[in-house]
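**Student:** Structure file protein_30.pdb, PDB, C-alpha atoms, is pasted below:
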ATOM      1  CA  ASP A   1     -13.175  21.154 -13.805
ATOM      2  CA  VAL A   2     -13.592  19.088 -10.639
ATOM      3  CA  ALA A   3     -13.306  20.958  -7.361
ATOM      4  CA  LEU A   4     -10.100  20.233  -5.460
ATOM      5  CA  ALA A   5     -12.078  19.230  -2.365
ATOM      6  CA  THR A   6     -13.913  16.598  -4.437
ATOM      7  CA  VAL A   7     -10.647  15.236  -5.829
ATOM      8  CA  ARG A   8      -9.200  14.987  -2.324
ATOM      9  CA  GLU A   9     -12.310  13.214  -1.101
ATOM     10  CA  ARG A  10     -12.300  10.644  -3.906
ATOM     11  CA  ILE A  11      -8.565   9.986  -4.420
ATOM     12  CA  LEU A  12      -5.998   9.112  -1.773
ATOM     13  CA  VAL A  13      -2.271   8.965  -2.478
ATOM     14  CA  ALA A  14      -0.508   6.864   0.140
ATOM     15  CA  ASP A  15       3.249   7.093   0.065
ATOM     16  CA  ASN A  16       6.052   6.422   2.502
ATOM     17  CA  ASP A  17       6.382  10.044   3.567
ATOM     18  CA  ALA A  18       3.091   9.989   5.487
ATOM     19  CA  GLN A  19       3.619  10.267   9.230
ATOM     20  CA  LEU A  20       2.105   8.426  12.126
ATOM     21  CA  PHE A  21       1.058  10.736  14.924
ATOM     22  CA  SER A  22       0.998  10.187  18.667
ATOM     23  CA  GLY A  23      -2.185   9.041  20.351
ATOM     24  CA  VAL A  24      -4.483   6.036  20.339
ATOM     25  CA  LEU A  25      -3.738   3.601  17.481
ATOM     26  CA  ARG A  26      -7.423   3.158  16.582
ATOM     27  CA  THR A  27      -7.714   6.936  16.109
ATOM     28  CA  GLU A  28      -4.509   6.969  14.066
ATOM     29  CA  LEU A  29      -5.972   4.362  11.700
ATOM     30  CA  ASP A  30      -9.457   5.918  11.552
ATOM     31  CA  PRO A  31      -8.945   9.607  12.409
ATOM     32  CA  HIS A  32     -12.475  10.659  11.435
ATOM     33  CA  ASP A  33     -14.161   7.695  13.168
ATOM     34  CA  ARG A  34     -16.044   6.839   9.959
ATOM     35  CA  ALA A  35     -15.037   3.209   9.465
ATOM     36  CA  GLU A  36     -17.714   0.546   9.375
ATOM     37  CA  PRO A  37     -17.567  -2.014  12.211
ATOM     38  CA  GLY A  38     -14.752  -4.463  11.532
ATOM     39  CA  ALA A  39     -13.147  -2.275   8.838
ATOM     40  CA  VAL A  40     -10.091  -1.427  10.937
ATOM     41  CA  GLU A  41      -9.477  -5.086  11.722
ATOM     42  CA  ALA A  42      -9.979  -6.062   8.059
ATOM     43  CA  ALA A  43      -7.535  -3.363   6.933
ATOM     44  CA  LEU A  44      -4.964  -4.524   9.484
ATOM     45  CA  ALA A  45      -5.313  -8.086   8.193
ATOM     46  CA  ALA A  46      -4.944  -6.970   4.557
ATOM     47  CA  ALA A  47      -1.857  -4.926   5.479
ATOM     48  CA  SER A  48      -0.452  -7.905   7.395
ATOM     49  CA  ALA A  49      -0.330  -5.705  10.507
ATOM     50  CA  THR A  50      -2.373  -7.611  13.098
ATOM     51  CA  ASP A  51       0.845  -8.754  14.783
ATOM     52  CA  ILE A  52       1.762  -5.113  15.437
ATOM     53  CA  VAL A  53      -1.529  -4.483  17.211
ATOM     54  CA  GLU A  54      -1.244  -7.711  19.199
ATOM     55  CA  ALA A  55       2.215  -6.692  20.437
ATOM     56  CA  LEU A  56       1.171  -3.147  21.385
ATOM     57  CA  PRO A  57       0.105  -2.815  25.031
ATOM     58  CA  GLY A  58      -3.590  -1.958  24.827
ATOM     59  CA  GLY A  59      -3.915  -3.218  21.241
ATOM     60  CA  LEU A  60      -5.975  -0.840  19.114
ATOM     61  CA  ASP A  61      -6.552   1.289  22.193
ATOM     62  CA  GLY A  62      -2.823   1.451  22.920
ATOM     63  CA  GLU A  63      -0.861   4.666  22.736
ATOM     64  CA  VAL A  64       1.422   5.380  19.798
ATOM     65  CA  ALA A  65       4.522   7.475  20.482
ATOM     66  CA  GLU A  66       5.290  10.551  18.401
ATOM     67  CA  ARG A  67       5.765   9.569  14.745
ATOM     68  CA  GLY A  68       5.323   5.921  15.714
ATOM     69  CA  ARG A  69       8.949   5.728  16.790
ATOM     70  CA  GLU A  70       8.337   2.509  18.725
ATOM     71  CA  PHE A  71       7.677   0.747  15.418
ATOM     72  CA  SER A  72      10.210  -0.414  12.839
ATOM     73  CA  GLY A  73      10.163   1.060   9.338
ATOM     74  CA  GLY A  74       8.295  -1.967   8.008
ATOM     75  CA  GLN A  75       5.752  -1.801  10.824
ATOM     76  CA  ARG A  76       5.114   1.890  10.172
ATOM     77  CA  GLN A  77       4.692   1.127   6.480
ATOM     78  CA  ARG A  78       2.121  -1.581   7.206
ATOM     79  CA  LEU A  79       0.219   0.715   9.584
ATOM     80  CA  ARG A  80       0.176   3.477   6.942
ATOM     81  CA  LEU A  81      -1.168   0.958   4.431
ATOM     82  CA  ALA A  82      -3.864  -0.120   6.905
ATOM     83  CA  ARG A  83      -4.807   3.533   7.439
ATOM     84  CA  ALA A  84      -5.165   4.015   3.670
ATOM     85  CA  LEU A  85      -7.325   0.882   3.433
ATOM     86  CA  VAL A  86      -9.535   2.051   6.316
ATOM     87  CA  ALA A  87     -10.093   5.362   4.497
ATOM     88  CA  ASP A  88     -11.539   3.268   1.654
ATOM     89  CA  PRO A  89     -11.286   5.941  -1.047
ATOM     90  CA  GLU A  90     -12.858   5.490  -4.443
ATOM     91  CA  THR A  91      -9.343   5.594  -5.923
ATOM     92  CA  LEU A  92      -6.255   4.618  -3.942
ATOM     93  CA  ILE A  93      -2.757   5.272  -5.245
ATOM     94  CA  LEU A  94      -0.083   3.323  -3.369
ATOM     95  CA  VAL A  95       3.565   4.267  -3.837
ATOM     96  CA  GLU A  96       5.913   1.355  -3.067
ATOM     97  CA  PRO A  97       3.647   0.003  -0.299
ATOM     98  CA  THR A  98       5.905  -2.965   0.497
ATOM     99  CA  SER A  99       9.411  -1.539   0.101
ATOM    100  CA  ALA A 100      10.272  -1.841   3.816
ATOM    101  CA  VAL A 101       8.885  -5.315   4.572
ATOM    102  CA  ASP A 102      10.375  -8.792   4.259
ATOM    103  CA  ALA A 103       9.446 -11.096   1.367
ATOM    104  CA  HIS A 104       7.003 -13.216   3.399
ATOM    105  CA  THR A 105       5.084 -10.152   4.580
ATOM    106  CA  GLU A 106       5.203  -8.692   1.076
ATOM    107  CA  ALA A 107       3.680 -11.888  -0.325
ATOM    108  CA  ARG A 108       0.827 -11.778   2.223
ATOM    109  CA  ILE A 109       0.100  -8.139   1.429
ATOM    110  CA  ALA A 110       0.216  -8.844  -2.321
ATOM    111  CA  GLU A 111      -2.348 -11.657  -1.916
ATOM    112  CA  ARG A 112      -4.677  -9.633   0.307
ATOM    113  CA  LEU A 113      -4.604  -6.225  -1.364
ATOM    114  CA  GLY A 114      -6.821  -7.115  -4.347
ATOM    115  CA  PRO A 115      -9.622  -8.649  -2.284
ATOM    116  CA  ALA A 116      -9.443  -5.757   0.194
ATOM    117  CA  ARG A 117      -9.939  -3.225  -2.624
ATOM    118  CA  ARG A 118     -12.409  -5.203  -4.758
ATOM    119  CA  GLY A 119     -14.821  -2.914  -6.591
ATOM    120  CA  ARG A 120     -12.634   0.180  -6.284
ATOM    121  CA  THR A 121      -9.713   1.508  -8.276
ATOM    122  CA  THR A 122      -6.235   0.861  -6.922
ATOM    123  CA  LEU A 123      -3.068   2.010  -8.650
ATOM    124  CA  VAL A 124       0.154   0.609  -7.240
ATOM    125  CA  CYS A 125       3.459   2.196  -8.229
ATOM    126  CA  THR A 126       6.024  -0.518  -7.554
ATOM    127  CA  THR A 127       8.760  -2.735  -8.930
ATOM    128  CA  SER A 128       7.846  -5.591  -6.582
ATOM    129  CA  PRO A 129       7.369  -8.790  -8.588
ATOM    130  CA  LEU A 130       5.232 -10.202  -5.761
ATOM    131  CA  VAL A 131       2.798  -7.283  -5.927
ATOM    132  CA  LEU A 132       2.895  -7.047  -9.716
ATOM    133  CA  GLY A 133       2.117 -10.756  -9.986
ATOM    134  CA  HIS A 134      -1.285 -10.078  -8.397
ATOM    135  CA  ALA A 135      -2.114  -7.000 -10.480
ATOM    136  CA  ASP A 136      -4.945  -7.141 -12.995
ATOM    137  CA  HIS A 137      -3.019  -4.913 -15.385
ATOM    138  CA  VAL A 138       0.591  -3.728 -15.387
ATOM    139  CA  VAL A 139       1.891  -0.665 -17.186
ATOM    140  CA  PHE A 140       5.665  -0.413 -17.596
ATOM    141  CA  VAL A 141       6.773   3.212 -17.703
ATOM    142  CA  GLU A 142      10.289   4.235 -18.662
ATOM    143  CA  ASP A 143      11.459   7.851 -18.844
ATOM    144  CA  GLY A 144       7.865   9.005 -18.390
ATOM    145  CA  LYS A 145       6.538   7.005 -21.339
ATOM    146  CA  VAL A 146       4.458   3.841 -21.447
ATOM    147  CA  VAL A 147       6.733   1.188 -22.937
ATOM    148  CA  ALA A 148       4.570  -1.908 -22.502
ATOM    149  CA  GLU A 149       1.447  -3.113 -20.753
ATOM    150  CA  GLY A 150      -0.284  -6.372 -19.977
ATOM    151  CA  ARG A 151      -0.116  -9.028 -17.277
ATOM    152  CA  HIS A 152       3.046  -9.404 -15.204
ATOM    153  CA  GLU A 153       3.858 -12.830 -16.650
ATOM    154  CA  GLU A 154       3.384 -11.578 -20.215
ATOM    155  CA  LEU A 155       5.673  -8.608 -19.655
ATOM    156  CA  LEU A 156       8.342 -10.785 -18.055
ATOM    157  CA  ALA A 157       8.394 -12.932 -21.189
ATOM    158  CA  ALA A 158       8.059 -10.173 -23.794
ATOM    159  CA  GLU A 159       9.877  -7.118 -22.410
ATOM    160  CA  PRO A 160      13.507  -7.604 -21.286
ATOM    161  CA  ARG A 161      13.699  -4.107 -19.756
ATOM    162  CA  TYR A 162      10.638  -4.848 -17.626
ATOM    163  CA  ALA A 163      12.098  -8.193 -16.557
ATOM    164  CA  ALA A 164      15.381  -6.504 -15.614
ATOM    165  CA  THR A 165      13.556  -3.819 -13.626
ATOM    166  CA  VAL A 166      11.353  -6.126 -11.572
ATOM    167  CA  SER A 167      14.063  -8.702 -11.008
ATOM    168  CA  ARG A 168      16.314  -5.859  -9.833
ATOM    169  CA  GLU A 169      19.040  -6.806 -12.268
ATOM    170  CA  GLU A 170      21.176  -4.250 -14.078
ATOM    171  CA  ASP A 171      21.037  -5.907 -17.485
ATOM    172  CA  ARG A 172      19.530  -9.066 -18.778
TER     173      ARG A 172
END
Here is the file; what I need is its structure written in the form of structure tokens.
**Tutor:**
Amino acid sequence: DVALATVRERILVADNDAQLFSGVLRTELDPHDRAEPGAVEAALAAASATDIVEALPGGLDGEVAERGREFSGGQRQRLRLARALVADPETLILVEPTSAVDAHTEARIAERLGPARRGRTTLVCTTSPLVLGHADHVVFVEDGKVVAEGRHEELLAAEPRYAATVSREEDR
């Protein structure tokens, strides 16, 4: 019964298919120029993407090439995550937000994501044990059905299929 425009305003789905456009990086991260002062910088820190901005000539005011082709896949992923954090939706759904980054970067993002989204709903679809280890609640879904739920550590101990999935093993 909720109007589609309202749903789109309140819920953001951020996946790895989202594109970066050409233009000024600051505008790419905050296209509607609605962010509170410091929000872009805070989002970049949470997404572990400040190094990208520091390396870009002009920083936040630097030009981004079409589709962000000057960035690696992991850098684009971190910038897309920062953009989603800047948007600050009531509900944020992240689909594999760390799949293209190294383990050290993934760990930083996992630590920072919760504090960056405090007070709002964040659903993360992932098999990353680093991200899942910071989740308040984990739901293990198999073949479209909820198989188990709880804390990451509890599921590792109690559900062998969950443990096999997040440890990326075939069988356990």
**Student:** Starting from the displayed file, determine the output of the PyMOL selection byres ((chain A and resi 46-52) around 12) and express the residue list as an MDAnalysis selection string.
**Tutor:** chainID A and resid 25 29 39:45 53:60 62 64 68 70:72 74:86 97:98 101:102 104:117
**Student:** So which residues touch region 141-147 of chain A within 12 Å, counting only C-alpha atoms, skipping near sequence neighbours fewer than 3 positions away, as a PDB file with C-alpha atoms, keeping the file's coordinate frame?
**Tutor:**
ATOM      1  CA  CYS A 125       3.459   2.196  -8.229  1.00  0.00           C
ATOM      2  CA  THR A 126       6.024  -0.518  -7.554  1.00  0.00           C
ATOM      3  CA  THR A 127       8.760  -2.735  -8.930  1.00  0.00           C
ATOM      4  CA  VAL A 138       0.591  -3.728 -15.387  1.00  0.00           C
ATOM      5  CA  GLY A 150      -0.284  -6.372 -19.977  1.00  0.00           C
ATOM      6  CA  LEU A 155       5.673  -8.608 -19.655  1.00  0.00           C
ATOM      7  CA  ALA A 158       8.059 -10.173 -23.794  1.00  0.00           C
ATOM      8  CA  GLU A 159       9.877  -7.118 -22.410  1.00  0.00           C
ATOM      9  CA  PRO A 160      13.507  -7.604 -21.286  1.00  0.00           C
ATOM     10  CA  ARG A 161      13.699  -4.107 -19.756  1.00  0.00           C
ATOM     11  CA  TYR A 162      10.638  -4.848 -17.626  1.00  0.00           C
ATOM     12  CA  THR A 165      13.556  -3.819 -13.626  1.00  0.00           C
TER      13      THR A 165
END
**Student:** Convert the output of the PyMOL selection byres ((chain A and resi 15) around 8) on the shown file into explicit residues, formatted as a PyMOL selection string.
**Tutor:** chain A and resi 13-14+16-18+94-97
**Student:** In Å, how far is it from CA of Glu66 (chain A) to CA of Ser22 (chain A)?
**Tutor:**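 Going from CA of Glu66 (chain A) over to CA of Ser22 (chain A) covers 4.3 Å.
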**Student:** I'd like to know which of A:Ala164, A:Ala5, A:Ile11, A:Val139 is closest to Glu90 (chain A), using all atoms listed in the file.
**Tutor:**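 That would be A:Ile11, the residue with the smallest distance to Glu90 (chain A).
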**Student:** Around region 97-101 of chain A, fit a box with edges along x, y and z, padding it by 5 Å on each side, then list its centre and edge lengths in Å to one decimal as AutoDock Vina command-line options.
**Tutor:**
--center_x 7.0 --center_y -2.7 --center_z 2.1 --size_x 16.6 --size_y 15.3 --size_z 14.9
**Student:** Any chance you could build region 112-123 of chain A out to all heavy atoms and write it as a PDB file, in the coordinates of the input?
**Tutor:**
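What landed in rebuild-v8.pdb:
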ATOM      1  N   ARG A 112      -3.503 -10.182  -0.373  1.00  0.00           N
ATOM      2  CA  ARG A 112      -4.677  -9.633   0.307  1.00  0.00           C
ATOM      3  C   ARG A 112      -5.141  -8.288  -0.238  1.00  0.00           C
ATOM      4  O   ARG A 112      -6.291  -7.899  -0.012  1.00  0.00           O
ATOM      5  CB  ARG A 112      -4.366  -9.488   1.802  1.00  0.00           C
ATOM      6  CG  ARG A 112      -4.078 -10.813   2.469  1.00  0.00           C
ATOM      7  CD  ARG A 112      -3.562 -10.608   3.873  1.00  0.00           C
ATOM      8  NE  ARG A 112      -3.235 -11.875   4.504  1.00  0.00           N
ATOM      9  CZ  ARG A 112      -2.657 -11.979   5.687  1.00  0.00           C
ATOM     10  NH1 ARG A 112      -2.352 -10.887   6.371  1.00  0.00           N
ATOM     11  NH2 ARG A 112      -2.390 -13.163   6.192  1.00  0.00           N
ATOM     12  N   LEU A 113      -4.279  -7.575  -0.920  1.00  0.00           N
ATOM     13  CA  LEU A 113      -4.604  -6.225  -1.364  1.00  0.00           C
ATOM     14  C   LEU A 113      -5.769  -6.206  -2.351  1.00  0.00           C
ATOM     15  O   LEU A 113      -6.695  -5.399  -2.212  1.00  0.00           O
ATOM     16  CB  LEU A 113      -3.367  -5.562  -1.971  1.00  0.00           C
ATOM     17  CG  LEU A 113      -3.459  -4.080  -2.279  1.00  0.00           C
ATOM     18  CD1 LEU A 113      -3.847  -3.283  -1.036  1.00  0.00           C
ATOM     19  CD2 LEU A 113      -2.135  -3.583  -2.835  1.00  0.00           C
ATOM     20  N   GLY A 114      -5.745  -7.061  -3.346  1.00  0.00           N
ATOM     21  CA  GLY A 114      -6.821  -7.115  -4.347  1.00  0.00           C
ATOM     22  C   GLY A 114      -8.184  -7.363  -3.723  1.00  0.00           C
ATOM     23  O   GLY A 114      -9.124  -6.592  -3.949  1.00  0.00           O
ATOM     24  N   PRO A 115      -8.328  -8.416  -2.922  1.00  0.00           N
ATOM     25  CA  PRO A 115      -9.622  -8.649  -2.284  1.00  0.00           C
ATOM     26  C   PRO A 115     -10.054  -7.508  -1.357  1.00  0.00           C
ATOM     27  O   PRO A 115     -11.240  -7.186  -1.281  1.00  0.00           O
ATOM     28  CB  PRO A 115      -9.398  -9.940  -1.484  1.00  0.00           C
ATOM     29  CG  PRO A 115      -8.300 -10.646  -2.210  1.00  0.00           C
ATOM     30  CD  PRO A 115      -7.406  -9.545  -2.740  1.00  0.00           C
ATOM     31  N   ALA A 116      -9.107  -6.864  -0.707  1.00  0.00           N
ATOM     32  CA  ALA A 116      -9.443  -5.757   0.194  1.00  0.00           C
ATOM     33  C   ALA A 116      -9.966  -4.543  -0.579  1.00  0.00           C
ATOM     34  O   ALA A 116     -10.755  -3.762  -0.036  1.00  0.00           O
ATOM     35  CB  ALA A 116      -8.226  -5.354   1.026  1.00  0.00           C
ATOM     36  N   ARG A 117      -9.547  -4.390  -1.819  1.00  0.00           N
ATOM     37  CA  ARG A 117      -9.939  -3.225  -2.624  1.00  0.00           C
ATOM     38  C   ARG A 117     -10.937  -3.568  -3.722  1.00  0.00           C
ATOM     39  O   ARG A 117     -11.240  -2.738  -4.570  1.00  0.00           O
ATOM     40  CB  ARG A 117      -8.689  -2.604  -3.243  1.00  0.00           C
ATOM     41  CG  ARG A 117      -7.761  -1.932  -2.263  1.00  0.00           C
ATOM     42  CD  ARG A 117      -8.318  -0.652  -1.717  1.00  0.00           C
ATOM     43  NE  ARG A 117      -8.552   0.295  -2.812  1.00  0.00           N
ATOM     44  CZ  ARG A 117      -9.364   1.329  -2.751  1.00  0.00           C
ATOM     45  NH1 ARG A 117     -10.042   1.584  -1.655  1.00  0.00           N
ATOM     46  NH2 ARG A 117      -9.519   2.123  -3.780  1.00  0.00           N
ATOM     47  N   ARG A 118     -11.479  -4.766  -3.715  1.00  0.00           N
ATOM     48  CA  ARG A 118     -12.409  -5.203  -4.758  1.00  0.00           C
ATOM     49  C   ARG A 118     -13.517  -4.168  -4.968  1.00  0.00           C
ATOM     50  O   ARG A 118     -14.103  -3.672  -4.019  1.00  0.00           O
ATOM     51  CB  ARG A 118     -13.012  -6.552  -4.391  1.00  0.00           C
ATOM     52  CG  ARG A 118     -13.912  -7.103  -5.499  1.00  0.00           C
ATOM     53  CD  ARG A 118     -14.147  -8.577  -5.390  1.00  0.00           C
ATOM     54  NE  ARG A 118     -12.925  -9.269  -5.822  1.00  0.00           N
ATOM     55  CZ  ARG A 118     -12.247 -10.133  -5.061  1.00  0.00           C
ATOM     56  NH1 ARG A 118     -12.643 -10.418  -3.854  1.00  0.00           N
ATOM     57  NH2 ARG A 118     -11.172 -10.712  -5.527  1.00  0.00           N
ATOM     58  N   GLY A 119     -13.753  -3.833  -6.236  1.00  0.00           N
ATOM     59  CA  GLY A 119     -14.821  -2.914  -6.591  1.00  0.00           C
ATOM     60  C   GLY A 119     -14.402  -1.458  -6.620  1.00  0.00           C
ATOM     61  O   GLY A 119     -15.209  -0.590  -6.945  1.00  0.00           O
ATOM     62  N   ARG A 120     -13.146  -1.189  -6.270  1.00  0.00           N
ATOM     63  CA  ARG A 120     -12.634   0.180  -6.284  1.00  0.00           C
ATOM     64  C   ARG A 120     -11.315   0.200  -7.068  1.00  0.00           C
ATOM     65  O   ARG A 120     -10.698  -0.821  -7.267  1.00  0.00           O
ATOM     66  CB  ARG A 120     -12.438   0.687  -4.843  1.00  0.00           C
ATOM     67  CG  ARG A 120     -13.807   0.919  -4.184  1.00  0.00           C
ATOM     68  CD  ARG A 120     -13.748   1.140  -2.703  1.00  0.00           C
ATOM     69  NE  ARG A 120     -13.012   0.207  -1.885  1.00  0.00           N
ATOM     70  CZ  ARG A 120     -13.379  -1.043  -1.573  1.00  0.00           C
ATOM     71  NH1 ARG A 120     -14.481  -1.542  -2.072  1.00  0.00           N
ATOM     72  NH2 ARG A 120     -12.667  -1.784  -0.783  1.00  0.00           N
ATOM     73  N   THR A 121     -10.927   1.363  -7.475  1.00  0.00           N
ATOM     74  CA  THR A 121      -9.713   1.508  -8.276  1.00  0.00           C
ATOM     75  C   THR A 121      -8.492   1.621  -7.371  1.00  0.00           C
ATOM     76  O   THR A 121      -8.484   2.425  -6.442  1.00  0.00           O
ATOM     77  CB  THR A 121      -9.802   2.765  -9.165  1.00  0.00           C
ATOM     78  OG1 THR A 121     -10.955   2.633 -10.002  1.00  0.00           O
ATOM     79  CG2 THR A 121      -8.554   2.942 -10.010  1.00  0.00           C
ATOM     80  N   THR A 122      -7.486   0.808  -7.670  1.00  0.00           N
ATOM     81  CA  THR A 122      -6.235   0.861  -6.922  1.00  0.00           C
ATOM     82  C   THR A 122      -5.086   0.874  -7.921  1.00  0.00           C
ATOM     83  O   THR A 122      -4.972  -0.020  -8.766  1.00  0.00           O
ATOM     84  CB  THR A 122      -6.096  -0.350  -5.980  1.00  0.00           C
ATOM     85  OG1 THR A 122      -7.265  -0.438  -5.175  1.00  0.00           O
ATOM     86  CG2 THR A 122      -4.861  -0.219  -5.100  1.00  0.00           C
ATOM     87  N   LEU A 123      -4.257   1.886  -7.815  1.00  0.00           N
ATOM     88  CA  LEU A 123      -3.068   2.010  -8.650  1.00  0.00           C
ATOM     89  C   LEU A 123      -1.872   1.832  -7.732  1.00  0.00           C
ATOM     90  O   LEU A 123      -1.747   2.541  -6.733  1.00  0.00           O
ATOM     91  CB  LEU A 123      -3.024   3.398  -9.304  1.00  0.00           C
ATOM     92  CG  LEU A 123      -1.755   3.751 -10.064  1.00  0.00           C
ATOM     93  CD1 LEU A 123      -1.648   2.910 -11.328  1.00  0.00           C
ATOM     94  CD2 LEU A 123      -1.746   5.221 -10.412  1.00  0.00           C
TER      95      LEU A 123
END
